[in-house]
Amino acid sequence: MRIVPGTPALVTGASTGIGREIALALARKGCRVALLARNRETLTAVAREVEKAGGEALVLPVDITDEPSLGEAVRQVAGTFGGLRLVVANAGLGRYAFVEEQTADIPEQLIRVNYLGTVHTVRHALPHLLAAAPSHVVAVASSAGLIPHRLGSAYCASKSAVIQYMATLRLEVLDRGVGVTWVCPGAVRTPFFEGSNLDPEADLPLLARLLVRMLEPEEVARATVRAVERNRREVVRPFSVRFFAWTRRMSPGLADWINRKLP
Ligand SMILES: NC(=O)c1ccc[n+]([C@@H]2O[C@H](COP(=O)([O-])OP(=O)(O)OC[C@H]3O[C@@H](n4cnc5c(N)ncnc54)[C@H](OP(=O)(O)O)[C@@H]3O)[C@@H](O)[C@H]2O)c1
């Protein structure tokens, strides 16, 4: 879809990292952007940046695991903006541990935030997107949803679930004017890894550390906006991750063997 000045948009996880950059990229196109996350203070700071960049901001502090409040927030955005044409379900977090060392709260929290948070954002937004078609919905998934890695079982599973959900949604709504995209970045330089128990420079598999460069959140934001405008189904960045994902699809046994044997 074309992103024109005044396009009503909603971004979850807009207070930092990738979500903040997507909000700013939309602001530069003159969009009206609803900013959702839990922390009101950081959202308010981003709102000021959005206004400075040429957009209009609406701050809505909400925890996306609180489904009724999330639904109310989406309704409020659509009411205030007079509709909704672009939704970016980006909020998420990472927690990493070997399966045998995981406590129950790790997989439960990742499914609640990363998967169910995305599902409920999309579900509540969809009637508005269908009414405003042509429109578009994006989920920020991860390369981890395509390529498993040690320590990441709960995170990888939550992101694979997001990808399958979005892929199914695309089958259902594309011909009714709603574009659907999922974005799968490799490691991105954001506050994501703080307190996640994963150091991407040390803990990722050797090939990933050697061949996959760290992305900047601005690059992911640019690629996301371009994907919306070109109605792409999947965005995988950087190129080396796209190559690894392709190799895994072609020869999963070989990909697993390399993953197991290399440190
Ligand atoms: N950084 C990476 O290497 C990387 C790679 C691939 C994919 N991703 C994905 O990209 C997305 C954005 O991550 P990021 O790297 O930008 O990390 P980040 O800087 O930590 O941003 C995460 C955002 O999600 C929000 N959030 C977390 N839990 C929430 C909840 N329960 N309710 C509402 N908002 C919540 C946070 O705001 P509050 O804390 O204020 O709620 C924040 O705005 C995530 O889905 C992540 O899985 C990241």
# chains A, B, ... in the order shown; residues from 1 in each chain; ligands from 1

$ residues_near_ligand --ligand "ligand 1" --cutoff "7 Å" --atoms "only C-alpha atoms and all ligand atoms" --output "VMD selection string"
chain A and resid 12 to 19 36 to 39 42 62 to 65 90 to 94 113 to 114 140 to 143 184 to 193

$ write_last_selection --atoms "N, CA and C atoms" --output "CSV table (one decimal), in the first residue's frame"
chain,number,residue,atom,x,y,z
A,12,THR,N,3.4,-1.3,18.0
A,12,THR,CA,3.6,-1.8,19.4
A,12,THR,C,5.1,-1.9,19.7
A,13,GLY,N,5.5,-1.7,20.9
A,13,GLY,CA,6.9,-1.7,21.3
A,13,GLY,C,7.6,-0.5,20.7
A,14,ALA,N,6.9,0.6,20.7
A,14,ALA,CA,7.4,1.8,20.0
A,14,ALA,C,8.3,2.6,20.9
A,15,SER,N,8.6,2.2,22.1
A,15,SER,CA,9.3,3.1,23.0
A,15,SER,C,10.9,3.0,22.8
A,16,THR,N,11.4,1.9,22.3
A,16,THR,CA,12.8,1.8,22.0
A,16,THR,C,13.1,1.0,20.8
A,17,GLY,N,14.4,0.8,20.4
A,17,GLY,CA,14.8,-0.1,19.4
A,17,GLY,C,14.1,0.0,18.1
A,18,ILE,N,13.7,-1.2,17.5
A,18,ILE,CA,13.2,-1.3,16.2
A,18,ILE,C,11.8,-0.5,16.1
A,19,GLY,N,11.0,-0.7,17.1
A,19,GLY,CA,9.7,0.0,17.1
A,19,GLY,C,9.8,1.5,17.0
A,36,LEU,N,2.5,2.4,21.2
A,36,LEU,CA,2.1,1.5,22.3
A,36,LEU,C,3.4,0.8,22.9
A,37,ALA,N,3.4,0.8,24.2
A,37,ALA,CA,4.4,0.0,25.0
A,37,ALA,C,4.0,0.2,26.5
A,38,ARG,N,4.8,-0.3,27.4
A,38,ARG,CA,4.3,-0.1,28.8
A,38,ARG,C,4.8,1.2,29.4
A,39,ASN,N,6.0,1.7,29.0
A,39,ASN,CA,6.6,2.8,29.7
A,39,ASN,C,6.2,4.1,29.1
A,42,THR,N,9.1,6.9,28.3
A,42,THR,CA,9.9,6.7,27.0
A,42,THR,C,9.0,6.9,25.8
A,62,VAL,N,0.4,0.6,27.4
A,62,VAL,CA,-0.4,-0.6,27.6
A,62,VAL,C,0.5,-1.8,27.6
A,63,ASP,N,0.2,-2.8,28.4
A,63,ASP,CA,0.9,-4.1,28.4
A,63,ASP,C,0.2,-5.0,27.5
A,64,ILE,N,0.9,-5.5,26.4
A,64,ILE,CA,0.2,-6.2,25.4
A,64,ILE,C,-0.3,-7.6,25.9
A,65,THR,N,0.2,-8.0,27.1
A,65,THR,CA,-0.3,-9.3,27.6
A,65,THR,C,-1.7,-9.1,28.3
A,90,ASN,N,5.2,-5.2,16.9
A,90,ASN,CA,6.7,-5.3,17.0
A,90,ASN,C,7.1,-5.7,18.5
A,91,ALA,N,6.3,-5.4,19.5
A,91,ALA,CA,6.7,-5.6,20.9
A,91,ALA,C,7.1,-7.0,21.1
A,92,GLY,N,8.2,-7.2,21.8
A,92,GLY,CA,8.7,-8.5,22.1
A,92,GLY,C,9.9,-8.5,23.0
A,93,LEU,N,10.3,-9.7,23.5
A,93,LEU,CA,11.5,-9.8,24.3
A,93,LEU,C,12.1,-11.1,24.1
A,94,GLY,N,13.4,-11.2,24.6
A,94,GLY,CA,14.1,-12.4,24.5
A,94,GLY,C,14.6,-12.9,25.8
A,113,VAL,N,4.0,-12.8,25.5
A,113,VAL,CA,4.4,-11.5,24.9
A,113,VAL,C,4.6,-11.6,23.4
A,114,ASN,N,5.5,-12.5,23.0
A,114,ASN,CA,5.9,-12.5,21.5
A,114,ASN,C,4.8,-13.1,20.7
A,140,VAL,N,6.9,-8.1,13.5
A,140,VAL,CA,8.4,-8.2,13.6
A,140,VAL,C,8.6,-9.5,14.3
A,141,ALA,N,9.0,-10.5,13.5
A,141,ALA,CA,9.3,-11.9,14.0
A,141,ALA,C,10.8,-11.9,14.3
A,142,SER,N,11.6,-12.8,13.7
A,142,SER,CA,13.0,-12.9,13.9
A,142,SER,C,13.6,-14.0,13.0
A,143,SER,N,14.9,-13.8,12.7
A,143,SER,CA,15.6,-14.9,12.0
A,143,SER,C,15.5,-16.2,12.8
A,184,CYS,N,12.1,-10.7,9.5
A,184,CYS,CA,12.9,-11.6,10.3
A,184,CYS,C,14.4,-11.1,10.3
A,185,PRO,N,14.7,-10.2,11.2
A,185,PRO,CA,16.1,-9.7,11.2
A,185,PRO,C,17.0,-10.7,12.0
A,186,GLY,N,18.3,-10.7,11.7
A,186,GLY,CA,19.3,-11.3,12.6
A,186,GLY,C,19.4,-10.4,13.8
A,187,ALA,N,20.6,-10.4,14.4
A,187,ALA,CA,20.8,-9.6,15.6
A,187,ALA,C,20.8,-8.1,15.3
A,188,VAL,N,20.1,-7.3,16.1
A,188,VAL,CA,20.0,-5.9,15.9
A,188,VAL,C,20.5,-5.1,17.1
A,189,ARG,N,21.2,-4.0,16.9
A,189,ARG,CA,21.8,-3.3,18.0
A,189,ARG,C,20.7,-2.5,18.7
A,190,THR,N,20.0,-3.1,19.7
A,190,THR,CA,19.0,-2.4,20.5
A,190,THR,C,19.1,-2.8,22.0
A,191,PRO,N,18.3,-2.3,22.9
A,191,PRO,CA,18.4,-2.8,24.3
A,191,PRO,C,17.9,-4.2,24.5
A,192,PHE,N,17.5,-4.9,23.4
A,192,PHE,CA,16.9,-6.2,23.5
A,192,PHE,C,17.7,-7.2,24.3
A,193,PHE,N,19.0,-7.2,24.1
A,193,PHE,CA,19.9,-8.2,24.7
A,193,PHE,C,20.2,-7.9,26.2

$ residues_around --residues "Arg213 of chain A" --least-positions-apart "4" --cutoff "10 Å" --atoms "only C-alpha atoms" --output "number ranges by chain"
A: 186-188, 208-209, 237-241

$ closest_residue --among "A:Glu172, A:Glu67, A:Glu219, A:Glu101" --to "Val119 of chain A" --atoms "only C-alpha atoms"
A:Glu67

$ closest_residue --among "A:Gly152, A:Gly253, A:Gly145, A:Pro127" --to "Phe98 of chain A" --atoms "only C-alpha atoms"
A:Gly152

$ residues_around --residues "segment 157-169 of chain A" --least-positions-apart "3" --cutoff "8 Å" --atoms "only C-alpha atoms" --output "MDAnalysis selection string"
chainID A and resid 110:111 114:115 118:119 139 141:142 144:146 153:154 172:173 180:182 233

$ write_last_selection --atoms "C-alpha atoms" --output "PDB file, in the first residue's frame"
ATOM      1  CA  LEU A 110       7.736 -15.559  25.572  1.00  0.00           C
ATOM      2  CA  ILE A 111       4.548 -17.129  24.256  1.00  0.00           C
ATOM      3  CA  ASN A 114       5.867 -12.499  21.545  1.00  0.00           C
ATOM      4  CA  TYR A 115       3.151 -14.777  20.197  1.00  0.00           C
ATOM      5  CA  THR A 118       1.084 -10.284  18.315  1.00  0.00           C
ATOM      6  CA  VAL A 119      -2.042 -12.406  17.841  1.00  0.00           C
ATOM      7  CA  ALA A 139       4.752  -8.533  12.549  1.00  0.00           C
ATOM      8  CA  ALA A 141       9.333 -11.868  14.018  1.00  0.00           C
ATOM      9  CA  SER A 142      13.022 -12.884  13.892  1.00  0.00           C
ATOM     10  CA  ALA A 144      15.240 -17.193  15.075  1.00  0.00           C
ATOM     11  CA  GLY A 145      11.783 -18.119  13.817  1.00  0.00           C
ATOM     12  CA  LEU A 146      13.429 -19.584  10.699  1.00  0.00           C
ATOM     13  CA  SER A 153      14.282 -22.830  22.200  1.00  0.00           C
ATOM     14  CA  ALA A 154      11.550 -20.719  23.809  1.00  0.00           C
ATOM     15  CA  GLU A 172      -7.069 -15.214   4.377  1.00  0.00           C
ATOM     16  CA  VAL A 173      -6.946 -11.454   3.854  1.00  0.00           C
ATOM     17  CA  VAL A 180       0.618  -9.013   5.436  1.00  0.00           C
ATOM     18  CA  THR A 181       4.368  -8.997   6.084  1.00  0.00           C
ATOM     19  CA  TRP A 182       6.615 -10.656   8.631  1.00  0.00           C
ATOM     20  CA  ARG A 233       5.377 -11.289   2.402  1.00  0.00           C
TER      21      ARG A 233
END

$ closest_residue --among "A:Leu58, A:Leu24, A:Val236, A:Leu254" --to "Leu215 of chain A" --atoms "only C-alpha atoms"
A:Val236

$ closest_atom_pairs --of "segment 9-44 of chain A" --to "segment 79-84 of chain A" --cutoff "9 Å" --atoms "only C-alpha atoms" --output "CSV"
residue,atom,partner,partner_atom,distance
A:Ala9,CA,A:Leu84,CA,6.0
A:Leu10,CA,A:Leu84,CA,7.6
A:Arg32,CA,A:Phe81,CA,7.5
A:Ala34,CA,A:Phe81,CA,9.0

$ atom_distance --atom1 "atom CA of Asp105 of chain A" --atom2 "atom CA of Glu201 of chain A"
25.7 Å

$ residues_around --residues "Leu151 of chain A" --least-positions-apart "3" --cutoff "8 Å" --atoms "only C-alpha atoms" --output "PDB file with N, CA and C atoms, in the first residue's frame"
ATOM      1  N   TYR A  96      16.872 -16.384  27.273  1.00  0.00           N
ATOM      2  CA  TYR A  96      17.625 -17.517  26.715  1.00  0.00           C
ATOM      3  C   TYR A  96      18.146 -18.417  27.821  1.00  0.00           C
ATOM      4  N   ALA A  97      17.987 -19.736  27.633  1.00  0.00           N
ATOM      5  CA  ALA A  97      18.537 -20.734  28.567  1.00  0.00           C
ATOM      6  C   ALA A  97      18.463 -22.090  27.893  1.00  0.00           C
ATOM      7  N   PHE A  98      19.384 -22.988  28.280  1.00  0.00           N
ATOM      8  CA  PHE A  98      19.276 -24.368  27.792  1.00  0.00           C
ATOM      9  C   PHE A  98      17.955 -24.954  28.302  1.00  0.00           C
ATOM     10  N   VAL A  99      17.360 -25.839  27.511  1.00  0.00           N
ATOM     11  CA  VAL A  99      16.050 -26.402  27.860  1.00  0.00           C
ATOM     12  C   VAL A  99      16.077 -26.981  29.267  1.00  0.00           C
TER      13      VAL A  99
END

$ select_by_dssp --residues "segment 80-181 of chain A" --states "helix (DSSP H, G or I)" --output "MDAnalysis selection string"
chainID A and resid 80:81 99:101 105:132 143:145 153:176
